[in-house]
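Colleague: One file is attached below, protein-v2.pdb, containing PDB, C-alpha atoms.
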ATOM      1  CA  MET P 493      91.994 -78.462   2.676
ATOM      2  CA  PHE P 494      90.661 -78.814   6.214
ATOM      3  CA  SER P 495      87.070 -78.976   4.971
ATOM      4  CA  ALA P 496      87.970 -81.740   2.499
ATOM      5  CA  LEU P 497      89.597 -83.752   5.291
ATOM      6  CA  LEU P 498      86.558 -83.131   7.491
ATOM      7  CA  LEU P 499      84.240 -84.362   4.712
ATOM      8  CA  LEU P 500      86.301 -87.527   4.274
ATOM      9  CA  ALA P 501      86.317 -88.101   8.036
ATOM     10  CA  PHE P 502      82.527 -87.711   8.148
ATOM     11  CA  LYS P 503      82.117 -90.158   5.267
ATOM     12  CA  PHE P 504      84.180 -92.678   7.221
ATOM     13  CA  VAL P 505      82.397 -92.131  10.558
ATOM     14  CA  ILE P 506      78.816 -91.447   9.452
ATOM     15  CA  LYS P 507      77.478 -94.354   7.423
ATOM     16  CA  ASP P 508      74.158 -92.779   6.377
ATOM     17  CA  PRO P 509      74.499 -92.244   2.577
ATOM     18  CA  ARG P 510      71.595 -89.742   2.567
ATOM     19  CA  LEU P 511      73.937 -87.178   4.121
ATOM     20  CA  PHE P 512      76.173 -87.195   1.039
ATOM     21  CA  GLU P 513      73.489 -87.336  -1.676
ATOM     22  CA  ALA P 514      71.048 -84.802  -3.075
ATOM     23  CA  PRO P 515      67.498 -85.266  -1.769
ATOM     24  CA  LYS P 516      65.127 -87.192  -4.012
ATOM     25  CA  GLY P 517      62.321 -84.952  -5.329
ATOM     26  CA  ASP P 518      60.549 -83.040  -2.569
ATOM     27  CA  ALA P 519      61.643 -85.428   0.175
ATOM     28  CA  PRO P 520      62.864 -83.606   3.284
ATOM     29  CA  PRO P 521      66.270 -84.447   4.746
ATOM     30  CA  PRO P 522      66.388 -87.131   7.454
ATOM     31  CA  PHE P 523      65.111 -86.087  10.880
ATOM     32  CA  TRP P 524      68.520 -86.216  12.552
ATOM     33  CA  ILE P 525      70.019 -83.897   9.919
ATOM     34  CA  ARG P 526      67.168 -81.409  10.380
ATOM     35  CA  ALA P 527      67.615 -81.589  14.145
ATOM     36  CA  LEU P 528      71.355 -80.974  13.749
ATOM     37  CA  LEU P 529      70.689 -77.962  11.532
ATOM     38  CA  VAL P 530      68.161 -76.481  13.968
ATOM     39  CA  GLY P 531      70.565 -77.068  16.861
ATOM     40  CA  THR P 532      73.572 -75.485  15.184
ATOM     41  CA  CYS P 533      71.555 -72.528  13.881
ATOM     42  CA  THR P 534      70.129 -71.998  17.357
ATOM     43  CA  GLY P 535      73.646 -72.104  18.750
ATOM     44  CA  VAL P 536      74.777 -69.461  16.284
ATOM     45  CA  SER P 537      71.792 -67.283  17.240
ATOM     46  CA  PHE P 538      72.605 -67.536  20.935
ATOM     47  CA  ALA P 539      76.305 -66.955  20.302
ATOM     48  CA  HIS P 540      75.598 -63.767  18.375
ATOM     49  CA  GLY P 541      73.090 -62.538  20.922
ATOM     50  CA  SER P 542      71.474 -59.264  19.977
ATOM     51  CA  ASN P 543      73.650 -58.724  16.906
ATOM     52  CA  ASP P 544      70.784 -59.620  14.575
ATOM     53  CA  GLY P 545      71.921 -57.143  11.947
ATOM     54  CA  GLN P 546      75.332 -58.735  11.956
ATOM     55  CA  LYS P 547      73.792 -62.166  11.311
ATOM     56  CA  GLY P 548      71.660 -60.832   8.478
ATOM     57  CA  MET P 549      74.586 -59.118   6.824
ATOM     58  CA  GLY P 550      76.631 -62.282   7.225
ATOM     59  CA  LEU P 551      73.953 -64.265   5.401
ATOM     60  CA  ILE P 552      73.755 -61.665   2.664
ATOM     61  CA  HIS P 553      77.514 -61.709   2.165
ATOM     62  CA  ALA P 554      77.663 -65.494   2.391
ATOM     63  CA  TYR P 555      75.669 -65.698  -0.833
ATOM     64  CA  PRO P 556      77.562 -63.402  -3.201
ATOM     65  CA  ASP P 557      76.154 -62.858  -6.624
ATOM     66  CA  TRP P 558      78.249 -62.099  -9.660
ATOM     67  CA  HIS P 559      77.671 -58.353  -9.412
ATOM     68  CA  GLY P 560      78.783 -58.251  -5.781
ATOM     69  CA  ALA P 561      81.970 -60.147  -6.578
ATOM     70  CA  TYR P 562      82.665 -57.753  -9.426
ATOM     71  CA  ARG P 563      82.201 -54.687  -7.200
ATOM     72  CA  VAL P 564      84.557 -56.041  -4.559
ATOM     73  CA  CYS P 565      87.458 -56.828  -6.873
ATOM     74  CA  PRO P 566      86.827 -55.847 -10.487
ATOM     75  CA  GLU P 567      90.447 -56.141 -11.612
ATOM     76  CA  SER P 568      91.363 -59.434  -9.984
ATOM     77  CA  CYS P 569      88.054 -61.320 -10.141
ATOM     78  CA  VAL P 570      86.680 -60.688 -13.609
ATOM     79  CA  GLY P 571      88.600 -59.552 -16.631
ATOM     80  CA  TYR P 572      87.454 -58.174 -19.944
ATOM     81  CA  SER P 573      87.823 -61.531 -21.671
ATOM     82  CA  GLN P 574      85.609 -63.256 -19.071
ATOM     83  CA  VAL P 575      82.929 -60.607 -19.554
ATOM     84  CA  GLN P 576      83.083 -61.115 -23.319
ATOM     85  CA  ASP P 577      82.875 -64.895 -22.855
ATOM     86  CA  PHE P 578      79.863 -64.486 -20.547
ATOM     87  CA  VAL P 579      78.118 -62.225 -23.063
ATOM     88  CA  ALA P 580      78.783 -64.648 -25.928
ATOM     89  CA  VAL P 581      77.545 -67.677 -23.983
ATOM     90  CA  SER P 582      74.471 -65.762 -22.801
ATOM     91  CA  GLU P 583      73.589 -64.826 -26.377
ATOM     92  CA  GLN P 584      73.988 -68.466 -27.437
ATOM     93  CA  ALA P 585      71.767 -69.607 -24.570
ATOM     94  CA  ALA P 586      69.111 -67.037 -25.502
ATOM     95  CA  ASN P 587      69.238 -68.222 -29.116
ATOM     96  CA  VAL P 588      68.729 -71.834 -28.041
ATOM     97  CA  LEU P 589      65.830 -70.873 -25.769
ATOM     98  CA  THR P 590      64.234 -68.957 -28.674
ATOM     99  CA  HIS P 591      63.584 -72.283 -30.434
ATOM    100  CA  TYR P 592      61.491 -73.485 -27.464
ATOM    101  CA  VAL P 593      59.443 -70.327 -26.842
ATOM    102  CA  ASP P 594      55.711 -70.707 -27.376
ATOM    103  CA  THR P 595      54.807 -68.295 -30.194
ATOM    104  CA  ASN P 596      51.538 -67.375 -28.440
ATOM    105  CA  ALA P 597      53.213 -66.625 -25.092
ATOM    106  CA  VAL P 598      52.694 -63.124 -23.705
ATOM    107  CA  MET P 599      54.525 -62.160 -20.542
ATOM    108  CA  ASP P 600      54.290 -59.200 -18.163
ATOM    109  CA  ASP P 601      57.064 -59.781 -15.631
ATOM    110  CA  PRO P 602      59.718 -62.457 -16.258
ATOM    111  CA  ARG P 603      60.808 -62.490 -12.600
ATOM    112  CA  ALA P 604      57.259 -63.169 -11.415
ATOM    113  CA  ASP P 605      56.837 -65.943 -13.999
ATOM    114  CA  LEU P 606      60.079 -67.646 -12.983
ATOM    115  CA  THR P 607      59.267 -67.243  -9.293
ATOM    116  CA  GLU P 608      55.921 -68.948  -9.858
ATOM    117  CA  TYR P 609      57.629 -71.754 -11.778
ATOM    118  CA  LEU P 610      60.163 -72.290  -8.996
ATOM    119  CA  GLN P 611      57.411 -72.391  -6.383
ATOM    120  CA  THR P 612      55.002 -74.660  -8.243
ATOM    121  CA  LYS P 613      57.418 -76.569 -10.512
ATOM    122  CA  LYS P 614      54.732 -76.319 -13.223
ATOM    123  CA  GLU P 615      55.818 -75.002 -16.583
ATOM    124  CA  THR P 616      53.499 -72.506 -18.277
ATOM    125  CA  PRO P 617      53.655 -71.202 -21.860
ATOM    126  CA  THR P 618      55.583 -68.169 -20.578
ATOM    127  CA  THR P 619      58.224 -70.043 -18.561
ATOM    128  CA  ILE P 620      60.786 -70.426 -21.369
ATOM    129  CA  LEU P 621      60.071 -66.894 -22.584
ATOM    130  CA  ALA P 622      60.681 -65.559 -19.068
ATOM    131  CA  GLU P 623      63.898 -67.563 -18.789
ATOM    132  CA  ARG P 624      65.102 -66.206 -22.133
ATOM    133  CA  GLN P 625      64.235 -62.653 -21.101
ATOM    134  CA  MET P 626      66.157 -62.989 -17.808
ATOM    135  CA  VAL P 627      69.201 -64.380 -19.638
ATOM    136  CA  LEU P 628      69.140 -61.352 -21.944
ATOM    137  CA  GLU P 629      68.660 -58.895 -19.057
ATOM    138  CA  ILE P 630      71.569 -60.357 -17.084
ATOM    139  CA  GLU P 631      73.715 -60.421 -20.218
ATOM    140  CA  HIS P 632      72.928 -56.742 -20.815
ATOM    141  CA  GLU P 633      73.769 -55.799 -17.204
ATOM    142  CA  VAL P 634      77.058 -57.677 -17.321
ATOM    143  CA  HIS P 635      77.926 -56.155 -20.690
ATOM    144  CA  GLN P 636      77.350 -52.648 -19.296
TER     145      GLN P 636
END
Can I see the file as structure tokens?

Modeller:
Amino acid sequence: MFSALLLLAFKFVIKDPRLFEAPKGDAPPPFWIRALLVGTCTGVSFAHGSNDGQKGMGLIHAYPDWHGAYRVCPESCVGYSQVQDFVAVSEQAANVLTHYVDTNAVMDDPRADLTEYLQTKKETPTTILAERQMVLEIEHEVHQ
């Protein structure tokens, strides 16, 4: 609730619309936003002092993945029906992606292919195949 009020207050006070929109393409954020980020991150670093491990663990836990959330609270976070729904939707997604896979595509490591795609933003014949493979791998892990 407080964060929503803070966002509304910032929208009223700060008139730069770039702060409240997604960046266009590869354009960096405005200079003053980058400076604010560097300043606040530096402040956090100084406030934590030599507790570097604590900062790293905080960042790791600030970005929970599905598996981590499931390990923390398997009964209250994810139920059997949600797992079954996830598996069904994943299978449907894999089936849709199958229609777009290049029949001549041969792939070694789907993670490496997707990493390259994310870095270069250039689709190769193996990109869709790698995406399909990762969907199936995640679906299998969740189903287990």

Colleague: Go through P:Val588, P:Leu528, P:Leu497, P:Met626 one by one, measure the shortest atom-to-atom distance of each to P:Arg603 using all atoms listed in the file, and give the residue with the smallest value.

Modeller: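 Looking only at the distances to P:Arg603, the closest residue turns out to be P:Met626.
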
Colleague: Show me, as a list in words, the residues that have an atom within 12 Å of P:Asp508 when counting all atoms listed in the file, minus same-chain residues fewer than 6 positions from it.

Modeller: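 Contacts, with the query itself left out: Phe502, Pro521, Pro522, Trp524 and Ile525 of chain P.
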
Colleague: Pick from P:Ala580, P:Leu606, P:Ala597, P:Leu589: nearest to P:Val634, with only C-alpha atoms counted?

Modeller: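 Among the listed residues, P:Ala580 lies closest to P:Val634.
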
Colleague: Could you tell me which residues the PyMOL selection byres ((chain P and resi 623) around 12) grabs in this file, written as a ChimeraX atom specification?

Modeller: /P:582,585-590,592-593,599,601-607,609-610,615-622,624-630

Colleague: How big is the axis-aligned box around the listed atoms of stretch 508-519 of chain P once 8 Å is added on each side, and where is its centre? Give both in Å to one decimal, as AutoDock Vina command-line options.

Modeller:
--center_x 68.4 --center_y -87.9 --center_z 0.5 --size_x 31.6 --size_y 25.7 --size_z 27.7
